[in-house]
Each structure stands twice: as structure tokens, then as C-alpha cells.
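Engineer: Sharing run-v4.csv, CSV, C-alpha atoms:
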chain,number,residue,atom,x,y,z
A,17,MET,CA,59.4,120.0,88.0
A,18,ALA,CA,57.9,119.7,91.5
A,19,ILE,CA,60.0,118.0,94.1
A,20,GLY,CA,58.2,115.8,96.5
A,21,THR,CA,59.0,115.2,100.2
A,22,GLY,CA,62.0,112.9,100.6
A,23,CYS,CA,63.4,113.4,97.1
A,24,THR,CA,67.0,114.4,96.4
A,25,ALA,CA,67.2,117.6,94.3
A,26,ARG,CA,69.0,117.1,91.1
A,27,PRO,CA,70.4,113.6,91.8
A,28,GLY,CA,73.3,112.6,89.6
A,29,LYS,CA,76.4,110.4,89.2
A,30,SER,CA,79.8,111.4,90.5
A,31,ARG,CA,80.9,111.4,86.9
A,32,ASN,CA,79.6,115.0,86.9
A,33,ASN,CA,82.8,115.9,88.8
A,34,LYS,CA,85.7,116.1,86.4
A,35,THR,CA,88.5,115.4,88.9
A,36,GLY,CA,91.1,115.6,86.2
A,37,SER,CA,91.6,119.3,87.0
A,38,TRP,CA,93.3,118.2,90.3
A,39,ARG,CA,96.3,116.8,88.4
A,40,VAL,CA,99.8,118.2,88.7
A,41,PHE,CA,101.6,115.3,87.1
A,42,ARG,CA,100.2,113.3,84.2
A,43,PRO,CA,100.8,109.6,83.6
A,44,GLU,CA,102.1,108.9,80.1
A,45,PHE,CA,101.7,105.3,78.9
A,46,ILE,CA,104.5,103.9,76.8
A,47,ASN,CA,102.7,101.2,74.8
A,48,GLU,CA,105.9,99.5,73.5
A,49,LYS,CA,106.9,98.6,77.1
A,50,CYS,CA,103.4,97.5,78.2
A,51,THR,CA,102.8,93.8,78.8
A,52,SER,CA,99.0,94.2,79.3
A,53,CYS,CA,99.3,92.8,82.9
A,54,GLY,CA,96.4,95.0,84.0
A,55,MET,CA,98.1,96.1,87.2
A,56,CYS,CA,97.4,99.8,86.6
A,57,ARG,CA,93.7,99.1,85.9
A,58,ILE,CA,93.3,97.0,89.0
A,59,ILE,CA,94.9,99.5,91.5
A,60,CYS,CA,93.8,102.9,90.0
A,61,PRO,CA,91.7,104.4,92.9
A,62,GLU,CA,89.7,106.4,90.4
A,63,GLY,CA,88.9,103.4,88.2
A,64,CYS,CA,89.7,105.7,85.2
A,65,ILE,CA,92.0,103.4,83.3
A,66,GLY,CA,90.2,101.4,80.5
A,67,GLU,CA,91.5,98.9,78.0
A,68,ASN,CA,91.5,99.0,74.1
A,69,GLU,CA,91.0,96.0,71.8
A,70,GLU,CA,94.7,95.2,71.9
A,71,GLY,CA,94.6,95.0,75.7
A,72,LEU,CA,96.6,98.2,76.2
A,73,PRO,CA,95.6,100.6,79.0
A,74,VAL,CA,93.6,103.8,78.0
A,75,PRO,CA,93.5,106.4,80.7
A,76,ASP,CA,90.6,108.9,81.1
A,77,TYR,CA,92.3,112.2,81.8
A,78,ASP,CA,88.9,113.8,82.7
A,79,TYR,CA,89.1,111.9,86.0
A,80,CYS,CA,92.8,111.0,86.5
A,81,LYS,CA,94.0,112.9,89.6
A,82,GLY,CA,97.7,112.2,88.8
A,83,CYS,CA,98.4,110.3,92.0
A,84,GLY,CA,101.2,108.3,90.3
A,85,LEU,CA,100.2,104.9,91.8
A,86,CYS,CA,100.1,103.3,88.3
A,87,ALA,CA,103.5,104.6,87.4
A,88,GLU,CA,105.0,103.5,90.8
A,89,GLU,CA,103.5,100.0,90.6
A,90,CYS,CA,103.9,99.2,86.9
A,91,PRO,CA,106.1,96.1,86.8
A,92,SER,CA,107.5,97.0,83.3
A,93,GLU,CA,108.0,100.7,84.0
A,94,ALA,CA,105.7,101.5,81.1
A,95,ILE,CA,104.2,104.6,82.7
A,96,GLU,CA,106.0,107.9,83.2
A,97,MET,CA,104.8,110.9,85.3
A,98,LYS,CA,105.2,114.2,83.4
A,99,LYS,CA,104.5,117.6,84.7
A,100,GLU,CA,101.1,118.7,83.5
A,101,GLU,CA,101.1,121.6,81.1
A,102,LYS,CA,98.1,123.9,81.6
B,10,MET,CA,88.1,89.7,86.0
B,11,ASN,CA,85.4,92.2,85.1
B,12,ASP,CA,87.0,95.7,85.1
B,13,GLU,CA,84.2,97.4,83.2
B,14,ALA,CA,81.6,96.3,85.7
B,15,ALA,CA,83.9,97.5,88.6
B,16,CYS,CA,84.1,101.0,87.0
B,17,VAL,CA,80.3,101.2,86.8
B,18,LEU,CA,79.6,99.9,90.2
B,19,PHE,CA,82.0,102.4,91.8
B,20,ASP,CA,82.4,105.2,89.4
B,21,SER,CA,85.0,107.9,88.7
B,22,GLY,CA,84.6,111.4,89.8
B,23,HIS,CA,84.5,110.7,93.6
B,24,ARG,CA,86.4,113.2,95.7
B,25,ALA,CA,89.0,110.9,97.5
B,26,CYS,CA,92.6,112.2,97.7
B,27,GLY,CA,94.8,111.1,94.9
B,28,GLY,CA,96.2,107.6,95.8
B,29,CYS,CA,93.4,106.8,98.3
B,30,ALA,CA,93.4,103.2,99.4
B,31,ALA,CA,89.8,103.3,100.6
B,32,ALA,CA,88.6,104.3,97.1
B,33,MET,CA,90.7,101.4,95.8
B,34,ALA,CA,89.1,99.1,98.4
B,35,ALA,CA,85.6,100.2,97.4
B,36,ARG,CA,86.3,99.3,93.7
B,37,LEU,CA,87.8,95.9,94.6
B,38,ILE,CA,84.9,95.1,97.0
B,39,LEU,CA,82.2,95.7,94.4
B,40,ASP,CA,84.3,94.0,91.7
B,41,ALA,CA,84.3,90.9,93.9
B,42,ALA,CA,80.8,91.1,95.3
B,43,GLY,CA,79.0,92.0,92.0
B,44,LYS,CA,75.9,94.0,91.2
B,45,ASP,CA,73.5,92.1,93.4
B,46,THR,CA,74.8,93.8,96.5
B,47,ILE,CA,73.4,96.3,98.9
B,48,VAL,CA,75.9,98.5,100.7
B,49,VAL,CA,75.4,100.0,104.1
B,50,SER,CA,78.0,102.7,104.7
B,51,SER,CA,78.6,104.4,108.0
B,52,THR,CA,79.8,108.0,108.3
B,53,GLY,CA,83.5,108.4,107.4
B,54,CYS,CA,85.9,109.2,104.6
B,55,MET,CA,84.4,106.7,102.2
B,56,GLU,CA,80.8,108.0,102.7
B,57,VAL,CA,81.9,111.7,102.4
B,58,PHE,CA,84.1,111.3,99.2
B,59,SER,CA,81.8,108.9,97.4
B,60,THR,CA,78.5,110.7,97.9
B,61,PRO,CA,78.9,114.5,97.6
B,62,TYR,CA,75.3,115.6,97.7
B,63,PRO,CA,73.4,115.2,95.4
B,64,GLU,CA,75.7,112.9,93.5
B,65,THR,CA,76.9,109.3,94.1
B,66,ALA,CA,79.7,107.1,92.9
B,67,TRP,CA,77.9,104.0,93.8
B,68,GLY,CA,76.2,101.9,91.1
B,69,VAL,CA,74.5,99.6,93.7
B,70,PRO,CA,71.8,100.4,96.3
B,71,TRP,CA,73.6,102.3,99.0
B,72,ILE,CA,72.3,103.5,102.4
B,73,HIS,CA,74.1,105.9,104.7
B,74,SER,CA,74.0,105.2,108.5
B,75,LEU,CA,75.4,107.0,111.5
B,76,PHE,CA,78.8,106.0,112.9
B,77,GLU,CA,77.2,103.9,115.6
B,78,ASN,CA,74.4,102.0,114.0
B,79,ASN,CA,76.0,100.7,110.8
B,80,SER,CA,75.6,97.1,111.7
B,81,ALA,CA,72.0,97.7,113.1
B,82,VAL,CA,71.0,99.2,109.8
B,83,ALA,CA,72.6,96.3,107.9
B,84,SER,CA,70.7,93.9,110.3
B,85,GLY,CA,67.4,95.5,109.3
B,86,VAL,CA,68.2,95.3,105.6
B,87,VAL,CA,69.1,91.6,106.0
B,88,ALA,CA,65.8,90.9,107.9
B,89,SER,CA,63.8,92.7,105.3
B,90,LEU,CA,65.4,90.8,102.4
B,91,LYS,CA,64.8,87.6,104.3
B,92,LYS,CA,61.1,88.4,104.7
B,93,GLN,CA,60.8,89.3,101.0
B,94,GLY,CA,62.6,86.1,100.0
B,95,ARG,CA,65.3,88.1,98.2
B,96,LYS,CA,68.9,86.9,97.7
B,97,GLU,CA,70.9,90.1,97.5
B,98,LYS,CA,74.2,90.2,99.5
B,99,VAL,CA,74.5,92.9,102.2
B,100,ILE,CA,77.9,94.5,102.9
B,101,ALA,CA,78.4,97.0,105.7
B,102,LEU,CA,81.3,99.3,105.2
B,103,GLY,CA,83.0,101.3,107.9
B,104,GLY,CA,86.2,103.0,108.7
B,105,ASP,CA,88.2,101.9,111.7
B,106,GLY,CA,86.7,104.7,113.9
B,107,ALA,CA,83.2,103.5,113.1
B,108,THR,CA,84.1,99.9,113.5
B,109,PHE,CA,86.6,99.7,116.4
B,110,ASP,CA,85.1,102.5,118.6
B,111,ILE,CA,81.8,104.1,117.8
B,112,GLY,CA,80.0,101.2,116.1
B,113,MET,CA,81.3,98.5,118.4
B,114,LEU,CA,78.1,98.0,120.3
B,115,CYS,CA,75.9,97.5,117.2
B,116,LEU,CA,78.6,95.4,115.5
B,117,SER,CA,78.9,93.1,118.5
B,118,GLY,CA,75.1,92.8,118.7
B,119,ALA,CA,74.7,92.0,114.9
B,120,PHE,CA,77.4,89.3,115.1
B,121,GLU,CA,76.0,87.8,118.2
B,122,ARG,CA,72.5,87.6,116.6
B,123,GLY,CA,74.1,86.0,113.6
B,124,HIS,CA,72.7,88.1,110.7
B,125,ASP,CA,73.8,87.0,107.2
B,126,PHE,CA,76.0,90.0,106.2
B,127,THR,CA,79.6,90.9,105.6
B,128,TYR,CA,81.2,93.7,107.6
B,129,ILE,CA,84.2,95.2,105.9
B,130,CYS,CA,86.4,97.7,107.8
B,131,TYR,CA,88.8,99.8,105.8
B,132,ASP,CA,91.4,100.3,108.4
B,133,ASN,CA,93.4,103.5,107.9
B,134,GLU,CA,94.3,103.5,111.6
B,135,ALA,CA,92.8,106.9,112.7
B,136,TYR,CA,89.8,109.2,112.2
B,137,MET,CA,91.0,110.6,108.9
B,138,ASN,CA,87.8,112.4,107.8
B,139,THR,CA,87.7,114.6,110.8
B,140,GLY,CA,91.4,115.4,110.9
B,141,ILE,CA,93.5,112.4,112.0
B,142,GLN,CA,92.4,111.8,115.6
B,143,ARG,CA,93.5,108.5,117.2
B,144,SER,CA,91.2,105.5,117.2
B,145,GLY,CA,91.3,102.0,118.7
B,146,ALA,CA,93.0,100.9,115.5
B,147,THR,CA,95.9,103.4,115.7
B,148,PRO,CA,99.2,101.6,116.1
B,149,TYR,CA,101.6,102.1,118.9
B,150,ASP,CA,103.7,105.3,118.7
B,151,ALA,CA,101.8,106.8,115.8
B,152,SER,CA,101.5,110.6,116.1
B,153,THR,CA,97.9,111.9,115.5
B,154,THR,CA,96.3,115.2,116.4
B,155,THR,CA,95.0,113.6,119.7
B,156,SER,CA,98.1,111.6,120.4
B,157,PRO,CA,100.8,114.1,119.3
B,158,ALA,CA,104.4,113.2,119.6
B,159,GLY,CA,106.4,115.8,121.6
B,160,SER,CA,108.8,116.2,124.5
B,161,CYS,CA,106.4,114.2,126.9
B,162,SER,CA,105.1,111.7,124.4
B,163,PHE,CA,106.1,109.3,121.6
B,164,GLY,CA,102.6,109.4,120.1
B,165,ASN,CA,99.9,106.9,120.6
B,166,SER,CA,100.6,105.1,123.9
B,167,ARG,CA,98.5,102.0,123.3
B,168,PRO,CA,98.7,99.1,120.8
B,169,LYS,CA,96.1,98.4,118.2
B,170,LYS,CA,92.9,96.6,119.3
B,171,ASP,CA,92.7,93.1,118.0
B,172,LEU,CA,89.2,93.3,116.6
B,173,PRO,CA,89.3,90.3,114.2
B,174,MET,CA,89.9,88.0,117.2
B,175,ILE,CA,87.1,89.7,119.2
B,176,LEU,CA,84.7,89.1,116.3
B,177,ALA,CA,85.9,85.5,115.8
B,178,ALA,CA,85.1,85.1,119.5
B,179,HIS,CA,81.5,86.0,118.7
B,180,GLY,CA,81.3,82.7,116.7
B,181,ALA,CA,81.7,84.4,113.3
B,182,PRO,CA,82.1,81.7,110.6
B,183,TYR,CA,84.6,83.7,108.6
B,184,VAL,CA,87.0,86.4,109.7
B,185,ALA,CA,89.9,87.7,107.5
B,186,THR,CA,92.4,90.4,107.3
B,187,ALA,CA,93.6,91.7,103.9
B,188,SER,CA,95.5,94.6,102.4
B,189,ILE,CA,94.9,96.7,99.4
B,190,ALA,CA,98.5,96.0,98.4
B,191,TYR,CA,97.4,92.5,97.4
B,192,PRO,CA,94.2,93.1,95.4
B,193,PRO,CA,93.5,89.5,94.1
B,194,ASP,CA,93.8,88.1,97.7
B,195,PHE,CA,91.5,90.8,99.0
B,196,LYS,CA,88.9,90.1,96.3
B,197,LYS,CA,89.0,86.4,97.0
B,198,LYS,CA,88.3,87.0,100.6
B,199,VAL,CA,85.4,89.3,99.8
B,200,GLU,CA,83.9,86.7,97.5
B,201,LYS,CA,84.3,84.0,100.2
B,202,ALA,CA,82.8,86.3,102.9
B,203,VAL,CA,79.7,87.3,100.9
B,204,ASN,CA,79.1,83.6,100.0
B,205,THR,CA,79.5,82.4,103.6
B,206,PRO,CA,76.2,82.3,105.5
B,207,GLY,CA,76.2,84.2,108.8
B,208,PRO,CA,78.1,87.3,109.9
B,209,CYS,CA,81.5,87.6,108.3
B,210,TYR,CA,84.2,90.2,108.9
B,211,ILE,CA,87.1,91.5,106.8
B,212,GLN,CA,89.5,94.1,107.9
B,213,VAL,CA,91.4,95.6,105.0
B,214,HIS,CA,94.6,97.6,105.6
B,215,ALA,CA,94.2,100.9,103.8
B,216,PRO,CA,97.2,103.2,104.0
B,217,CYS,CA,96.1,106.9,104.1
B,218,CYS,CA,98.6,109.2,102.3
B,219,THR,CA,97.1,112.3,104.0
B,220,GLY,CA,96.9,111.0,107.5
B,221,TRP,CA,100.1,109.0,107.6
B,222,GLY,CA,102.1,111.5,105.7
B,223,PHE,CA,103.5,109.9,102.5
B,224,GLU,CA,103.1,110.6,98.8
B,225,GLY,CA,99.9,109.1,97.1
B,226,GLU,CA,102.0,107.1,94.7
B,227,LYS,CA,103.4,105.1,97.7
B,228,THR,CA,100.0,103.7,98.9
B,229,VAL,CA,100.6,100.2,97.7
B,230,ALA,CA,104.3,100.2,98.6
B,231,ILE,CA,103.5,101.2,102.2
B,232,GLY,CA,100.8,98.5,102.4
B,233,LYS,CA,103.3,95.9,101.2
B,234,LEU,CA,105.9,97.0,103.7
B,235,ALA,CA,103.4,96.6,106.6
B,236,ILE,CA,103.1,93.0,105.6
B,237,GLU,CA,106.8,92.4,104.9
B,238,THR,CA,107.8,93.8,108.3
B,239,GLY,CA,105.2,91.7,110.2
B,240,LEU,CA,103.3,94.7,111.6
B,241,TRP,CA,100.2,93.7,109.6
B,242,VAL,CA,99.4,90.0,109.1
B,243,ASN,CA,97.1,88.8,106.3
B,244,TYR,CA,95.2,85.7,107.6
B,245,GLU,CA,91.9,83.9,107.4
B,246,MET,CA,89.9,82.4,110.3
B,247,GLU,CA,87.2,79.9,109.8
B,248,ASN,CA,85.0,79.2,112.9
B,249,GLY,CA,87.6,80.7,115.1
B,250,VAL,CA,90.6,78.7,113.8
B,251,VAL,CA,93.3,80.4,111.7
B,252,THR,CA,93.4,78.5,108.4
B,253,LYS,CA,95.6,80.5,106.2
B,254,VAL,CA,98.4,83.0,106.8
B,255,LYS,CA,100.6,85.0,104.4
B,256,LYS,CA,104.2,84.2,105.1
B,257,VAL,CA,107.0,86.6,104.4
B,258,VAL,CA,110.8,87.0,104.6
B,259,ARG,CA,110.7,89.6,107.3
B,260,LYS,CA,112.3,93.1,107.0
B,261,PRO,CA,113.1,95.3,110.0
B,262,VAL,CA,110.2,97.6,111.1
B,263,ASP,CA,112.3,100.6,110.3
B,264,ASP,CA,111.6,100.0,106.6
B,265,TYR,CA,107.9,100.6,107.2
B,266,LEU,CA,108.2,103.4,109.8
B,267,VAL,CA,110.7,105.6,108.1
B,268,GLY,CA,108.5,106.5,105.1
B,269,GLN,CA,105.7,107.9,107.2
B,270,LYS,CA,105.4,111.3,108.8
B,271,ARG,CA,103.3,109.9,111.7
B,272,PHE,CA,106.5,108.0,112.9
B,273,ARG,CA,108.9,110.8,112.0
B,274,HIS,CA,109.6,111.6,115.7
B,275,LEU,CA,111.1,108.1,116.1
B,276,PHE,CA,114.0,109.1,113.7
B,277,LYS,CA,114.6,112.8,114.5
B,278,PRO,CA,116.8,114.2,115.8
B,279,LYS,CA,118.2,110.7,116.0
B,280,ARG,CA,116.9,107.2,115.9
B,281,ASN,CA,114.9,106.3,119.0
B,282,ASP,CA,116.3,102.8,119.6
B,283,ALA,CA,114.2,102.1,122.7
B,284,GLU,CA,110.8,102.9,121.1
B,285,ILE,CA,111.6,101.2,117.8
B,286,ALA,CA,112.7,98.1,119.7
B,287,LYS,CA,109.2,98.1,121.2
B,288,ILE,CA,107.6,98.2,117.8
B,289,GLN,CA,109.9,95.5,116.6
B,290,ALA,CA,108.8,93.4,119.5
B,291,LEU,CA,105.2,93.8,118.3
B,292,ALA,CA,106.2,92.5,114.9
B,293,ASP,CA,108.1,89.7,116.5
B,294,ARG,CA,105.1,88.7,118.6
B,295,ASN,CA,102.9,88.7,115.4
B,296,ALA,CA,105.5,86.5,113.7
B,297,VAL,CA,105.5,83.9,116.5
B,298,LYS,CA,101.7,84.0,117.0
B,299,PHE,CA,100.9,83.5,113.3
B,300,GLY,CA,104.1,81.7,112.2
B,301,ILE,CA,104.7,84.1,109.3
B,302,ASP,CA,108.4,83.7,109.0
B,303,ILE,CA,109.8,82.0,105.9
B,304,THR,CA,113.2,80.5,106.7
B,305,LEU,CA,115.5,80.6,103.8
B,306,LYS,CA,117.8,77.7,103.0
B,307,LYS,CA,121.4,78.6,103.1
For this file, write the structure as C-alpha cells.
Structural biologist:
Amino acid sequence: MAIGTGCTARPGKSRNNKTGSWRVFRPEFINEKCTSCGMCRIICPEGCIGENEEGLPVPDYDYCKGCGLCAEECPSEAIEMKKEEK
Amino acid sequence: MNDEAACVLFDSGHRACGGCAAAMAARLILDAAGKDTIVVSSTGCMEVFSTPYPETAWGVPWIHSLFENNSAVASGVVASLKKQGRKEKVIALGGDGATFDIGMLCLSGAFERGHDFTYICYDNEAYMNTGIQRSGATPYDASTTTSPAGSCSFGNSRPKKDLPMILAAHGAPYVATASIAYPPDFKKKVEKAVNTPGPCYIQVHAPCCTGWGFEGEKTVAIGKLAIETGLWVNYEMENGVVTKVKKVVRKPVDDYLVGQKRFRHLFKPKRNDAEIAKIQALADRNAVKFGIDITLKK
């Protein structure tokens, strides 16, 4: 395809970068302790925590950088950081 | 609260450091402002990590400006939308370097001319993208690469510039400070600013794990401590009058300083009582000026 003047070559979304490979520690979500307050989803800088039908958080490990903010701020200590096994 | 929309409007896969407050701020801003928003973003961390060529994390129209002409570009966008009769909201985003120092001329001009836009400064208190040089927003005694602490210096020798007050003096209808440590409060302020006609300003405290020297998981905790010690005050100003202030039971400034490498020289080899007393005096002055102290009943 010819590229005209002023065009961006191969434009795309940042989702092409799977930043999950940066992770050293991995957040593990303990659903029994979760109160569905939504704090982890609100503060995640990656925006990579979703929600299932039951209101429980669902992380997208393709993008999670393992910063640990969710585990640190979770009011019910329902997230634990575990060393990533590669 | 519409989390799904927020994820689409500012997408995953950006290249911010783990635990980045600016990335969190971008998500919260778009969550509050919604999809009918045009973002003008000056050079800085946020521009670099969110738009690695040829990709973008932004799900709204986004235009990159230089450090110095962010507000001028935003003014042009606003004027064009007005001519076309369109109703999109315009948000100009800049770091503290772009806002306090390099973009000050255009920012002042745009506020004086009264364009209908919202300027949001994510304040991480130094030029982080280029390698932690001091800016007009760097607090007293913070060590940066251009204000290094050593045998002849305790770090940055000047206090932070009071930019919200400067912009309020331009006659801005709405000026507010916020912190990423209090997301609902920040979102409320963004909503209010974008829906207020005229030039509005929000300065959001965005602790930088890389530049300040703390672990990424502590970003929110450090942000909270800044407020709890009185070194950062969350307030709103309408037409030059302070209308709302977040009150706290104040902690000593040590609690905030000790967790950051940029203030490490104040505690090693031993606590520098004289310098920490000066920082405590800044917090005390804030407390008196804004009346943030909660007095507990005994």
C-alpha cells in the first residue's frame, strides 16, 4: 500500500505491546477475601484489571507490569504478590 | 463509574514505569471527561510513554505540542471548535516542567485570553522524562541531578512555585489541586473543570517512583502521606476564592520524607534537624494558610 505525505506508517494501538513481560512479581487474586470494592481496578496504572459477572477482578497478565499497587492498596488484603515463574 | 470506557479511552500497553502515577492520572482524567474530549499533550513523560511511534494508547483525538506551546495549541483547537459550532471538551495536559517553566508564557496568555479549556498539570516535581532535573515545581531540599545534595548543598534551594494561585490571579473561574491518591476526588474535579466555561486549571500530585526513589507499589501511599503531612494541600478555588479544602490530622513531615531517596541526605548519616525543621515550617505555613488541621476532641 502506498503511503501518502503526512501519514503514519503502520499506525496501531498500544495494545500491540504486551508489557506483561516486564513483570517480576505477579499479583494473585484471592476471590474468597475480595469484597468487590473496585479499588484495584480504579488505581491500576495499566488499566489491565477487568471485572467478571460476579464483580470479581480479572487481571490481564498480558499487560500487568507487576508493580504491586493493587496488592498494596487492597483494603481486604485479597491480592498477594508472588515471584513470577518463567 | 465506567471502567470499561476508561480502559478503551486510555489503553493498556503504554510504556510507563510500573506504578506510574501519570498513567493513573491519564486514565482517571479520561474516565471523568468522557469520549467527547480532545487532548493536547505537551512533550514529557506522558507523551513519550503513551505514544511510542507509530502506536497510541489514546482512544480520543490527541495532538502533541512542544513543551512551550501546549496552551497555544489548545487555544487554537478551542477557537476552531467554536467556529465549527462543535461542543467537544478540550484538555491540555502537561508535566510540571512544561507547565511551571517552559510553557508558562503560553499558559498565561491562554488564561488571560479566557479560552474555554481545562489545563491539567501532572506534577511529579521535576523533569522526569529527561533524567530528573529540577523544575519550578521541585520542593525545597529535594535532590535532583541539577540540584544534587552533597557537602555544599542540601538539594533544591528554593521552595515550590505556587502556580495555582498565579493562575487564579489571571481570573480563572476554577482552579483546583488534587492527588492521584484520592481518585474519586480527582475525577470530580476534572468533571467540574471541563464543565465550567473559561480556562480552568487542575494540578494533580503524581508521585514518581523512578525520580523520587521509592518502590512502584508505594505510589498511592506516598501521595497520601504528602497530604497527611500538609506538604500538599487538596483545595478548590472558584473565582479566586478557596471554597473547599481537604482537612487532615497532620503527621510530622518525616513520615513523608523518609520513604524517598530524593530526601535521603536529610537522614544520613544522621537526621538533619535544621533542614527538616524548615520543611516542617513549610507544612505548618500551609496548615495555617488553608486551615487544614482537624483538632481532635480529647
Engineer: Please indicate the distance in Å from atom CA of Ala66 of chain B to atom CA of Val99 of chain B, rounded to one decimal place.
Structural biologist: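 These atoms are spaced 17.8 Å apart.
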Engineer: Chain A residues within 7 Å of chain B, counting all atoms listed in the file: which ones, as an mmCIF file with C-alpha atoms, in the frame of the given file?
Structural biologist:
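Contents of selection_23.cif, freshly written:
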data_model
loop_
_atom_site.group_PDB
_atom_site.id
_atom_site.type_symbol
_atom_site.label_atom_id
_atom_site.label_comp_id
_atom_site.auth_asym_id
_atom_site.auth_seq_id
_atom_site.Cartn_x
_atom_site.Cartn_y
_atom_site.Cartn_z
ATOM 1 C CA THR A 24 67.000 114.400 96.400
ATOM 2 C CA ALA A 25 67.200 117.600 94.300
ATOM 3 C CA ARG A 26 69.000 117.100 91.100
ATOM 4 C CA PRO A 27 70.400 113.600 91.800
ATOM 5 C CA GLY A 28 73.300 112.600 89.600
ATOM 6 C CA LYS A 29 76.400 110.400 89.200
ATOM 7 C CA SER A 30 79.800 111.400 90.500
ATOM 8 C CA ARG A 31 80.900 111.400 86.900
ATOM 9 C CA ASN A 32 79.600 115.000 86.900
ATOM 10 C CA ASN A 33 82.800 115.900 88.800
ATOM 11 C CA LYS A 34 85.700 116.100 86.400
ATOM 12 C CA THR A 35 88.500 115.400 88.900
ATOM 13 C CA ILE A 59 94.900 99.500 91.500
ATOM 14 C CA CYS A 60 93.800 102.900 90.000
ATOM 15 C CA PRO A 61 91.700 104.400 92.900
ATOM 16 C CA GLU A 62 89.700 106.400 90.400
ATOM 17 C CA GLY A 63 88.900 103.400 88.200
ATOM 18 C CA CYS A 64 89.700 105.700 85.200
ATOM 19 C CA TYR A 79 89.100 111.900 86.000
ATOM 20 C CA LYS A 81 94.000 112.900 89.600
ATOM 21 C CA GLY A 82 97.700 112.200 88.800
ATOM 22 C CA CYS A 83 98.400 110.300 92.000
ATOM 23 C CA GLY A 84 101.200 108.300 90.300
ATOM 24 C CA LEU A 85 100.200 104.900 91.800
ATOM 25 C CA GLU A 88 105.000 103.500 90.800
#
Engineer: Extract, using all atoms listed in the file, all DNA, RNA and protein residues at most 10 Å from Ser92 of chain A, discarding same-chain residues fewer than 2 positions from it, and format them as JSON, numbers by chain.
Structural biologist: {"A": [46, 49, 50, 51, 52, 53, 87, 89, 90, 94, 95]}
Engineer: List every protein, DNA or RNA residue with an atom no more than 6 Å from (68.9, 92.8, 101.8) in the file's coordinates, counting only C-alpha atoms, and format the result as a PDB file with C-alpha atoms, keeping the file's coordinate frame.
Structural biologist:
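As written to disk, part-v2.pdb reads:
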ATOM      1  CA  VAL B  86      68.200  95.300 105.600  1.00  0.00           C
ATOM      2  CA  VAL B  87      69.100  91.600 106.000  1.00  0.00           C
ATOM      3  CA  LEU B  90      65.400  90.800 102.400  1.00  0.00           C
ATOM      4  CA  GLU B  97      70.900  90.100  97.500  1.00  0.00           C
ATOM      5  CA  VAL B  99      74.500  92.900 102.200  1.00  0.00           C
TER       6      VAL B  99
END
Engineer: When you draw a straight line from atom CA of Arg167 of chain B to atom CA of Glu245 of chain B, how long is it in Å?
Structural biologist: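 Distance reported for this atom pair: 25.0 Å.
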Engineer: Hey, can you check how far atom CA of Gly54 of chain A sits from atom CA of Arg42 of chain A?
Structural biologist: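 Separation between atom CA of Gly54 of chain A and atom CA of Arg42 of chain A: 18.7 Å.
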Engineer: Which protein, DNA or RNA residues are at most 12 Å from (83.8, 98.9, 115.5) in the file's coordinates when you count only C-alpha atoms, listed as an MDAnalysis selection string?
Structural biologist: chainID B and resid 51 76:80 101:120 128:132 144:146 170:173 175:176 210:212
Engineer: Which residues are close to Gly222 of chain B, i.e. within 6 Å by only C-alpha atoms, leaving aside same-chain residues fewer than 4 positions away? Reply as JSON, numbers by chain.
Structural biologist: {"B": [218, 269, 270]}
Engineer: Counting all atoms listed in the file, figure out which residue out of B:Gly220, B:Pro157, B:Pro278, B:Gly300 gets nearest to Val258 of chain B.
Structural biologist: B:Gly300
Engineer: Kindly indicate which residue among B:Gly164, B:Gln142, B:Ser156, B:Val250 lies nearest to Ala185 of chain B, using all atoms listed in the file for the distances.
Structural biologist: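 Among B:Gly164, B:Gln142, B:Ser156, B:Val250, it is B:Val250 that comes nearest to Ala185 of chain B.
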Engineer: Name the residues in contact with Lys99 of chain A at a cut-off of 9 Å, using all atoms listed in the file, excluding same-chain residues fewer than 4 positions from it; report them as a ChimeraX atom specification.
Structural biologist: /A:40-43
Engineer: So, with all atoms listed in the file as the atoms that count, which of B:Ser188, B:Asn243, B:Ser84, B:Thr154 lies closest to Arg122 of chain B?
Structural biologist: B:Ser84
Engineer: Calculated over all atoms listed in the file, which of the candidates A:Met97, A:Asn68, A:Pro75, A:Pro91 has the smallest distance to Gly36 of chain A?
Structural biologist: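 Between A:Met97, A:Asn68, A:Pro75, A:Pro91, the residue approaching Gly36 of chain A most closely is A:Pro75.
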